[in-house]
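To keep things clear, I will list the structure first and then write my remarks on it.
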Amino acid sequence: MNEIDLQHLQTAIQIAQRAREHGNHPFGALLVDENNQVILEAENTVVTGSDCTGHAETNLMRLATQKFSAEQLAKCTLYTSTEPCAMCAGAIHWGNVRRVVFALSEVDLYAIVGPSPEHLLLPCRDVFARTQRRVEVEGPAPTLDIEARAVHAGFW
């Protein structure tokens, strides 16, 4: 993970904060092209959209597949404030994004949230390992641990 990755992750955390301010769960994601230019952003809309699939990464992939070809998406990196869940990893796979970088791990998120029957502990690396497409995954980002956790503080 390099400085550019860390900058994009900081932006994803800022998007997560916006989602929280909009009354949603604190998750944010952005898509960056091969020239490190941000081409899309999305926040979680589970609450305001009354849609359990309104995760930031899934919202991002819906927008991305409408705007860009699979070939273009294969050259992109998806940055996210928290490790993608199994549903989001599936959307990333089917959208053909080949690199994912996240700040906070799923395990660390669940430690913050506490026990819940809603938890589906299935790391995105495990989901991507079941595909024939190679998806590079980097995360968590230890240098952003405080910021990545702070967006969840007092929410759950």
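By convention here, the chains of the structure tokens are called A, B, ... in the order presented, each chain's residues are numbered starting at 1, and ligands are numbered starting at 1 in the order presented.
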
What's the 9 Å shell around A:Arg133, counting only C-alpha atoms, without same-chain residues fewer than 5 positions away, as a list in words?
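My reading of the contact set: His93, Asn96, Arg98 and Phe128 of chain A.
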
Please build the interface table for stretch 37-101 of chain A against stretch 17-29 of chain A with a cut-off of 9 Å, listing for each qualifying residue the nearest atom pair and the distance in Å to one decimal; count only C-alpha atoms, order rows by chain and increasing number, and write it as a Markdown table.
```
| residue | atom | partner | partner_atom | distance |
| --- | --- | --- | --- | --- |
| A:Leu40 | CA | A:Ala29 | CA | 8.5 |
| A:Glu41 | CA | A:Ala29 | CA | 5.9 |
| A:Ala42 | CA | A:Ala29 | CA | 5.4 |
| A:Glu43 | CA | A:Gly28 | CA | 4.4 |
| A:Asn44 | CA | A:Phe27 | CA | 5.5 |
| A:Thr45 | CA | A:Asn24 | CA | 5.7 |
| A:Val46 | CA | A:Asn24 | CA | 6.2 |
| A:Val47 | CA | A:Asn24 | CA | 5.2 |
| A:Thr48 | CA | A:Asn24 | CA | 6.5 |
| A:Gly49 | CA | A:Asn24 | CA | 9.0 |
| A:His55 | CA | A:Phe27 | CA | 7.4 |
| A:Ala56 | CA | A:Gly28 | CA | 5.2 |
| A:Glu57 | CA | A:Ala29 | CA | 5.7 |
| A:Asn59 | CA | A:Ala29 | CA | 8.8 |
| A:Leu60 | CA | A:Ala29 | CA | 6.9 |
| A:Leu78 | CA | A:Ala29 | CA | 7.0 |
| A:Tyr79 | CA | A:Ala29 | CA | 5.5 |
| A:Thr80 | CA | A:Ala29 | CA | 4.3 |
| A:Ser81 | CA | A:Gly28 | CA | 5.6 |
| A:Thr82 | CA | A:Phe27 | CA | 6.7 |
```

Only N, CA and C atoms, please: the residues just picked out, written as a PDB file, in the first residue's frame.
```pdb
ATOM      1  N   LEU A  40     -15.681   7.765  -9.625  1.00  0.00           N
ATOM      2  CA  LEU A  40     -16.994   7.604  -8.992  1.00  0.00           C
ATOM      3  C   LEU A  40     -16.831   7.531  -7.481  1.00  0.00           C
ATOM      4  N   GLU A  41     -17.863   7.962  -6.773  1.00  0.00           N
ATOM      5  CA  GLU A  41     -17.934   7.812  -5.322  1.00  0.00           C
ATOM      6  C   GLU A  41     -19.326   7.311  -4.979  1.00  0.00           C
ATOM      7  N   ALA A  42     -19.432   6.576  -3.871  1.00  0.00           N
ATOM      8  CA  ALA A  42     -20.744   6.135  -3.391  1.00  0.00           C
ATOM      9  C   ALA A  42     -20.689   5.933  -1.889  1.00  0.00           C
ATOM     10  N   GLU A  43     -21.806   6.211  -1.256  1.00  0.00           N
ATOM     11  CA  GLU A  43     -21.924   5.986   0.174  1.00  0.00           C
ATOM     12  C   GLU A  43     -23.016   4.963   0.436  1.00  0.00           C
ATOM     13  N   ASN A  44     -23.041   4.464   1.647  1.00  0.00           N
ATOM     14  CA  ASN A  44     -24.067   3.523   2.064  1.00  0.00           C
ATOM     15  C   ASN A  44     -25.416   4.236   2.077  1.00  0.00           C
ATOM     16  N   THR A  45     -26.466   3.540   1.599  1.00  0.00           N
ATOM     17  CA  THR A  45     -27.827   4.098   1.591  1.00  0.00           C
ATOM     18  C   THR A  45     -28.840   3.100   2.135  1.00  0.00           C
ATOM     19  N   VAL A  46     -28.397   2.186   2.974  1.00  0.00           N
ATOM     20  CA  VAL A  46     -29.275   1.137   3.499  1.00  0.00           C
ATOM     21  C   VAL A  46     -30.501   1.720   4.198  1.00  0.00           C
ATOM     22  N   VAL A  47     -30.308   2.706   5.050  1.00  0.00           N
ATOM     23  CA  VAL A  47     -31.409   3.262   5.832  1.00  0.00           C
ATOM     24  C   VAL A  47     -32.286   4.170   4.985  1.00  0.00           C
ATOM     25  N   THR A  48     -31.686   5.180   4.362  1.00  0.00           N
ATOM     26  CA  THR A  48     -32.489   6.155   3.614  1.00  0.00           C
ATOM     27  C   THR A  48     -33.097   5.566   2.352  1.00  0.00           C
ATOM     28  N   GLY A  49     -32.487   4.515   1.808  1.00  0.00           N
ATOM     29  CA  GLY A  49     -33.031   3.861   0.631  1.00  0.00           C
ATOM     30  C   GLY A  49     -33.915   2.672   0.951  1.00  0.00           C
ATOM     31  N   HIS A  55     -25.276  -1.097   0.214  1.00  0.00           N
ATOM     32  CA  HIS A  55     -23.914  -0.904   0.734  1.00  0.00           C
ATOM     33  C   HIS A  55     -23.131  -0.004  -0.213  1.00  0.00           C
ATOM     34  N   ALA A  56     -22.143   0.693   0.310  1.00  0.00           N
ATOM     35  CA  ALA A  56     -21.377   1.645  -0.493  1.00  0.00           C
ATOM     36  C   ALA A  56     -20.767   0.986  -1.732  1.00  0.00           C
ATOM     37  N   GLU A  57     -20.156  -0.181  -1.546  1.00  0.00           N
ATOM     38  CA  GLU A  57     -19.484  -0.844  -2.670  1.00  0.00           C
ATOM     39  C   GLU A  57     -20.482  -1.333  -3.716  1.00  0.00           C
ATOM     40  N   ASN A  59     -23.494  -0.026  -4.258  1.00  0.00           N
ATOM     41  CA  ASN A  59     -23.976   1.192  -4.930  1.00  0.00           C
ATOM     42  C   ASN A  59     -22.960   1.665  -5.963  1.00  0.00           C
ATOM     43  N   LEU A  60     -21.684   1.624  -5.587  1.00  0.00           N
ATOM     44  CA  LEU A  60     -20.619   2.047  -6.497  1.00  0.00           C
ATOM     45  C   LEU A  60     -20.582   1.159  -7.742  1.00  0.00           C
ATOM     46  N   LEU A  78     -10.916  -0.196  -6.525  1.00  0.00           N
ATOM     47  CA  LEU A  78     -12.002   0.207  -5.642  1.00  0.00           C
ATOM     48  C   LEU A  78     -11.424   0.377  -4.245  1.00  0.00           C
ATOM     49  N   TYR A  79     -11.588   1.580  -3.701  1.00  0.00           N
ATOM     50  CA  TYR A  79     -11.132   1.887  -2.346  1.00  0.00           C
ATOM     51  C   TYR A  79     -12.364   1.964  -1.453  1.00  0.00           C
ATOM     52  N   THR A  80     -12.267   1.386  -0.267  1.00  0.00           N
ATOM     53  CA  THR A  80     -13.406   1.379   0.626  1.00  0.00           C
ATOM     54  C   THR A  80     -12.983   1.547   2.077  1.00  0.00           C
ATOM     55  N   SER A  81     -13.834   2.196   2.832  1.00  0.00           N
ATOM     56  CA  SER A  81     -13.526   2.498   4.224  1.00  0.00           C
ATOM     57  C   SER A  81     -13.417   1.234   5.069  1.00  0.00           C
ATOM     58  N   THR A  82     -14.166   0.201   4.714  1.00  0.00           N
ATOM     59  CA  THR A  82     -14.190  -1.050   5.467  1.00  0.00           C
ATOM     60  C   THR A  82     -14.204  -2.205   4.479  1.00  0.00           C
TER      61      THR A  82
END
```

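Among A:Cys88, A:Ile13, A:Leu121, A:Ala153, the residue with the shortest atom-to-atom distance to A:Ala103, counting only C-alpha atoms, is A:Ile13.
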
Give me the residues within 12 Å of A:Ala148 as JSON, numbers by chain, counting only C-alpha atoms and dropping any in the same chain fewer than 3 places off.
{"A": [6, 9, 10, 11, 12, 13, 14, 15, 16, 17, 26, 27, 28, 80, 81, 82, 83, 102, 103, 104, 105, 106, 108, 109, 112, 139, 140, 141, 142, 143, 144, 145, 151, 152, 153]}

N, CA and C atoms of the current selection, written as a short mmCIF file (atom, residue, chain, number, x, y, z; two decimals), in the first residue's frame:
```
data_model
loop_
_atom_site.label_atom_id
_atom_site.label_comp_id
_atom_site.auth_asym_id
_atom_site.auth_seq_id
_atom_site.Cartn_x
_atom_site.Cartn_y
_atom_site.Cartn_z
N LEU A 6 -3.26 5.36 0.41
CA LEU A 6 -3.67 5.90 1.71
C LEU A 6 -4.51 7.17 1.55
N LEU A 9 -7.93 6.07 0.51
CA LEU A 9 -8.62 5.48 1.66
C LEU A 9 -9.14 6.57 2.60
N GLN A 10 -8.36 7.64 2.77
CA GLN A 10 -8.84 8.75 3.60
C GLN A 10 -10.10 9.36 2.99
N THR A 11 -10.15 9.45 1.67
CA THR A 11 -11.35 9.95 1.01
C THR A 11 -12.52 9.00 1.24
N ALA A 12 -12.28 7.69 1.16
CA ALA A 12 -13.34 6.71 1.41
C ALA A 12 -13.89 6.86 2.83
N ILE A 13 -13.02 7.13 3.79
CA ILE A 13 -13.46 7.33 5.17
C ILE A 13 -14.28 8.61 5.28
N GLN A 14 -13.91 9.65 4.54
CA GLN A 14 -14.69 10.89 4.52
C GLN A 14 -16.08 10.65 3.93
N ILE A 15 -16.15 9.83 2.90
CA ILE A 15 -17.45 9.47 2.30
C ILE A 15 -18.28 8.69 3.31
N ALA A 16 -17.64 7.82 4.07
CA ALA A 16 -18.34 7.07 5.13
C ALA A 16 -18.92 8.04 6.16
N GLN A 17 -18.18 9.07 6.50
CA GLN A 17 -18.68 10.07 7.44
C GLN A 17 -19.90 10.79 6.86
N PRO A 26 -22.10 4.01 8.39
CA PRO A 26 -20.88 4.74 8.01
C PRO A 26 -19.91 3.93 7.13
N PHE A 27 -20.26 3.85 5.86
CA PHE A 27 -19.40 3.17 4.89
C PHE A 27 -19.33 4.01 3.62
N GLY A 28 -18.14 4.09 3.03
CA GLY A 28 -17.94 4.84 1.80
C GLY A 28 -16.97 4.14 0.88
N THR A 80 -12.27 1.39 -0.27
CA THR A 80 -13.41 1.38 0.63
C THR A 80 -12.98 1.55 2.08
N SER A 81 -13.83 2.20 2.83
CA SER A 81 -13.53 2.50 4.22
C SER A 81 -13.42 1.23 5.07
N THR A 82 -14.17 0.20 4.71
CA THR A 82 -14.19 -1.05 5.47
C THR A 82 -14.20 -2.20 4.48
N GLU A 83 -13.62 -3.31 4.85
CA GLU A 83 -13.54 -4.49 3.99
C GLU A 83 -14.91 -4.84 3.41
N PHE A 102 -8.82 -1.65 1.22
CA PHE A 102 -9.72 -1.24 2.30
C PHE A 102 -8.94 -0.80 3.53
N ALA A 103 -9.61 0.03 4.37
CA ALA A 103 -8.97 0.58 5.56
C ALA A 103 -9.18 -0.32 6.78
N LEU A 104 -10.41 -0.62 7.12
CA LEU A 104 -10.74 -1.37 8.33
C LEU A 104 -11.18 -2.78 7.96
N SER A 105 -10.67 -3.78 8.66
CA SER A 105 -11.04 -5.17 8.35
C SER A 105 -12.45 -5.49 8.85
N GLU A 106 -13.03 -6.49 8.26
CA GLU A 106 -14.34 -6.99 8.67
C GLU A 106 -14.30 -7.46 10.13
N ASP A 108 -12.33 -6.41 12.53
CA ASP A 108 -12.27 -5.24 13.40
C ASP A 108 -13.62 -4.52 13.46
N LEU A 109 -14.33 -4.47 12.34
CA LEU A 109 -15.66 -3.87 12.34
C LEU A 109 -16.59 -4.62 13.29
N ILE A 112 -16.10 -3.87 16.83
CA ILE A 112 -16.70 -2.58 17.19
C ILE A 112 -18.20 -2.71 17.37
N GLY A 139 -5.23 -4.60 2.40
CA GLY A 139 -5.90 -4.09 3.58
C GLY A 139 -5.84 -5.14 4.68
N PRO A 140 -6.06 -4.73 5.87
CA PRO A 140 -6.39 -3.38 6.31
C PRO A 140 -5.18 -2.44 6.27
N ALA A 141 -5.45 -1.16 6.55
CA ALA A 141 -4.41 -0.13 6.53
C ALA A 141 -4.11 0.29 7.97
N PRO A 142 -3.09 -0.30 8.58
CA PRO A 142 -2.80 0.00 9.99
C PRO A 142 -2.56 1.48 10.28
N THR A 143 -2.00 2.20 9.32
CA THR A 143 -1.72 3.62 9.57
C THR A 143 -2.99 4.47 9.59
N LEU A 144 -4.11 3.91 9.13
CA LEU A 144 -5.38 4.64 9.15
C LEU A 144 -6.37 4.04 10.15
N ASP A 145 -5.88 3.19 11.03
CA ASP A 145 -6.75 2.48 11.96
C ASP A 145 -7.60 3.42 12.80
N VAL A 151 -14.98 6.73 12.49
CA VAL A 151 -16.25 6.95 11.78
C VAL A 151 -17.37 6.07 12.34
N HIS A 152 -17.00 4.97 13.00
CA HIS A 152 -17.98 4.06 13.60
C HIS A 152 -18.26 4.37 15.07
N ALA A 153 -17.42 5.19 15.68
CA ALA A 153 -17.52 5.45 17.12
C ALA A 153 -18.90 5.98 17.50
#
```

Show which residues sit within 12 Å of A:Ser69, as an mmCIF file with N, CA, C and O atoms, in the first residue's frame. Count only C-alpha atoms, and ignore same-chain residues fewer than 6 positions away.
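Saved the output as out_31.cif:
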```
data_model
loop_
_atom_site.group_PDB
_atom_site.id
_atom_site.type_symbol
_atom_site.label_atom_id
_atom_site.label_comp_id
_atom_site.auth_asym_id
_atom_site.auth_seq_id
_atom_site.Cartn_x
_atom_site.Cartn_y
_atom_site.Cartn_z
ATOM 1 N N MET A 61 -20.690 -0.141 -7.545
ATOM 2 C CA MET A 61 -20.622 -1.061 -8.687
ATOM 3 C C MET A 61 -21.838 -0.917 -9.601
ATOM 4 O O MET A 61 -21.722 -1.068 -10.818
ATOM 5 N N LEU A 63 -23.385 1.904 -10.245
ATOM 6 C CA LEU A 63 -23.056 3.090 -11.048
ATOM 7 C C LEU A 63 -21.957 2.782 -12.058
ATOM 8 O O LEU A 63 -22.039 3.180 -13.221
ATOM 9 N N LYS A 75 -9.206 -2.170 -15.103
ATOM 10 C CA LYS A 75 -8.037 -1.334 -14.854
ATOM 11 C C LYS A 75 -8.207 -0.426 -13.632
ATOM 12 O O LYS A 75 -7.326 0.362 -13.312
ATOM 13 N N CYS A 76 -9.342 -0.544 -12.960
ATOM 14 C CA CYS A 76 -9.671 0.340 -11.844
ATOM 15 C C CYS A 76 -9.359 -0.297 -10.498
ATOM 16 O O CYS A 76 -9.246 -1.514 -10.377
ATOM 17 N N TRP A 94 -18.357 -9.486 -10.266
ATOM 18 C CA TRP A 94 -19.154 -9.460 -11.490
ATOM 19 C C TRP A 94 -18.972 -8.167 -12.268
ATOM 20 O O TRP A 94 -19.152 -8.144 -13.484
ATOM 21 N N GLY A 95 -18.574 -7.096 -11.590
ATOM 22 C CA GLY A 95 -18.299 -5.850 -12.285
ATOM 23 C C GLY A 95 -16.921 -5.801 -12.930
ATOM 24 O O GLY A 95 -16.624 -4.900 -13.688
ATOM 25 N N ASN A 96 -16.066 -6.763 -12.592
ATOM 26 C CA ASN A 96 -14.758 -6.932 -13.212
ATOM 27 C C ASN A 96 -13.677 -5.984 -12.690
ATOM 28 O O ASN A 96 -12.661 -5.772 -13.342
ATOM 29 N N VAL A 97 -13.870 -5.434 -11.499
ATOM 30 C CA VAL A 97 -12.812 -4.649 -10.883
ATOM 31 C C VAL A 97 -11.773 -5.633 -10.359
ATOM 32 O O VAL A 97 -12.111 -6.638 -9.751
#
```

Extract the full set of strand (DSSP E) residues from chain A according to DSSP on the backbone, and format it as a list of chain:residue names.
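Assigned to strand (DSSP E), within chain A: A:Gly28, A:Ala29, A:Leu30, A:Leu31, A:Val32, A:Val38, A:Ile39, A:Leu40, A:Glu41, A:Ala42, A:Glu43, A:Thr77, A:Leu78, A:Tyr79, A:Thr80, A:Ser81, A:Thr82, A:Arg99, A:Val100, A:Val101, A:Phe102, A:Ala103, A:Leu104, A:Glu136, A:Val137, A:Glu138.
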
Just-selected residues, N, CA, C and O atoms written as a compact mmCIF listing (two decimals), in the first residue's frame:
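Result file selection04.txt:
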```txt
# COMPACT_ATOMS: atom_id res chain seq x y z
N GLY A 28 -18.14 4.09 3.03
CA GLY A 28 -17.94 4.84 1.80
C GLY A 28 -16.97 4.14 0.88
O GLY A 28 -16.09 3.40 1.33
N ALA A 29 -17.14 4.39 -0.42
CA ALA A 29 -16.28 3.75 -1.42
C ALA A 29 -16.07 4.70 -2.60
O ALA A 29 -16.89 5.57 -2.87
N LEU A 30 -14.94 4.50 -3.28
CA LEU A 30 -14.69 5.26 -4.49
C LEU A 30 -13.95 4.39 -5.50
O LEU A 30 -13.31 3.41 -5.13
N LEU A 31 -14.09 4.75 -6.75
CA LEU A 31 -13.46 4.03 -7.84
C LEU A 31 -12.45 4.95 -8.50
O LEU A 31 -12.75 6.11 -8.80
N VAL A 32 -11.24 4.41 -8.72
CA VAL A 32 -10.13 5.18 -9.26
C VAL A 32 -9.64 4.49 -10.52
O VAL A 32 -9.49 3.26 -10.54
N VAL A 38 -10.08 9.81 -9.48
CA VAL A 38 -11.36 9.35 -8.94
C VAL A 38 -12.43 9.54 -10.01
O VAL A 38 -12.60 10.64 -10.54
N ILE A 39 -13.11 8.45 -10.33
CA ILE A 39 -14.14 8.52 -11.37
C ILE A 39 -15.55 8.32 -10.82
O ILE A 39 -16.51 8.71 -11.48
N LEU A 40 -15.68 7.76 -9.63
CA LEU A 40 -16.99 7.60 -8.99
C LEU A 40 -16.83 7.53 -7.48
O LEU A 40 -15.81 7.05 -6.99
N GLU A 41 -17.86 7.96 -6.77
CA GLU A 41 -17.93 7.81 -5.32
C GLU A 41 -19.33 7.31 -4.98
O GLU A 41 -20.29 7.60 -5.69
N ALA A 42 -19.43 6.58 -3.87
CA ALA A 42 -20.74 6.14 -3.39
C ALA A 42 -20.69 5.93 -1.89
O ALA A 42 -19.67 5.54 -1.34
N GLU A 43 -21.81 6.21 -1.26
CA GLU A 43 -21.92 5.99 0.17
C GLU A 43 -23.02 4.96 0.44
O GLU A 43 -23.81 4.65 -0.45
N THR A 77 -9.26 0.56 -9.49
CA THR A 77 -9.13 0.14 -8.11
C THR A 77 -10.32 0.67 -7.34
O THR A 77 -10.69 1.84 -7.47
N LEU A 78 -10.92 -0.20 -6.52
CA LEU A 78 -12.00 0.21 -5.64
C LEU A 78 -11.42 0.38 -4.24
O LEU A 78 -10.81 -0.54 -3.71
N TYR A 79 -11.59 1.58 -3.70
CA TYR A 79 -11.13 1.89 -2.35
C TYR A 79 -12.36 1.96 -1.45
O TYR A 79 -13.38 2.55 -1.85
N THR A 80 -12.27 1.39 -0.27
CA THR A 80 -13.41 1.38 0.63
C THR A 80 -12.98 1.55 2.08
O THR A 80 -11.90 1.11 2.47
N SER A 81 -13.83 2.20 2.83
CA SER A 81 -13.53 2.50 4.22
C SER A 81 -13.42 1.23 5.07
O SER A 81 -12.65 1.20 6.03
N THR A 82 -14.17 0.20 4.71
CA THR A 82 -14.19 -1.05 5.47
C THR A 82 -14.20 -2.20 4.48
O THR A 82 -14.78 -2.10 3.39
N ARG A 99 -8.86 -4.78 -8.45
CA ARG A 99 -8.06 -4.41 -7.27
C ARG A 99 -8.97 -3.73 -6.25
O ARG A 99 -9.75 -2.83 -6.60
N VAL A 100 -8.85 -4.17 -5.01
CA VAL A 100 -9.63 -3.64 -3.89
C VAL A 100 -8.67 -3.28 -2.77
O VAL A 100 -7.79 -4.07 -2.41
N VAL A 101 -8.86 -2.08 -2.21
CA VAL A 101 -8.03 -1.63 -1.09
C VAL A 101 -8.99 -1.14 0.00
O VAL A 101 -9.87 -0.33 -0.27
N PHE A 102 -8.82 -1.65 1.22
CA PHE A 102 -9.72 -1.24 2.30
C PHE A 102 -8.94 -0.80 3.53
O PHE A 102 -7.80 -1.20 3.75
N ALA A 103 -9.61 0.03 4.37
CA ALA A 103 -8.97 0.58 5.56
C ALA A 103 -9.18 -0.32 6.78
O ALA A 103 -8.22 -0.73 7.42
N LEU A 104 -10.41 -0.62 7.12
CA LEU A 104 -10.74 -1.37 8.33
C LEU A 104 -11.18 -2.78 7.96
O LEU A 104 -11.99 -2.96 7.04
N GLU A 136 -6.77 -8.48 -6.80
CA GLU A 136 -5.76 -8.13 -5.80
C GLU A 136 -6.45 -7.41 -4.64
O GLU A 136 -7.27 -6.52 -4.86
N VAL A 137 -6.14 -7.81 -3.43
CA VAL A 137 -6.73 -7.19 -2.24
C VAL A 137 -5.63 -6.69 -1.33
O VAL A 137 -4.68 -7.43 -1.04
N GLU A 138 -5.75 -5.44 -0.89
CA GLU A 138 -4.82 -4.87 0.06
C GLU A 138 -5.61 -4.27 1.22
O GLU A 138 -6.57 -3.55 1.00
```

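Atom CA of A:Cys124 is found 5.8 Å from atom CA of A:Ala89.
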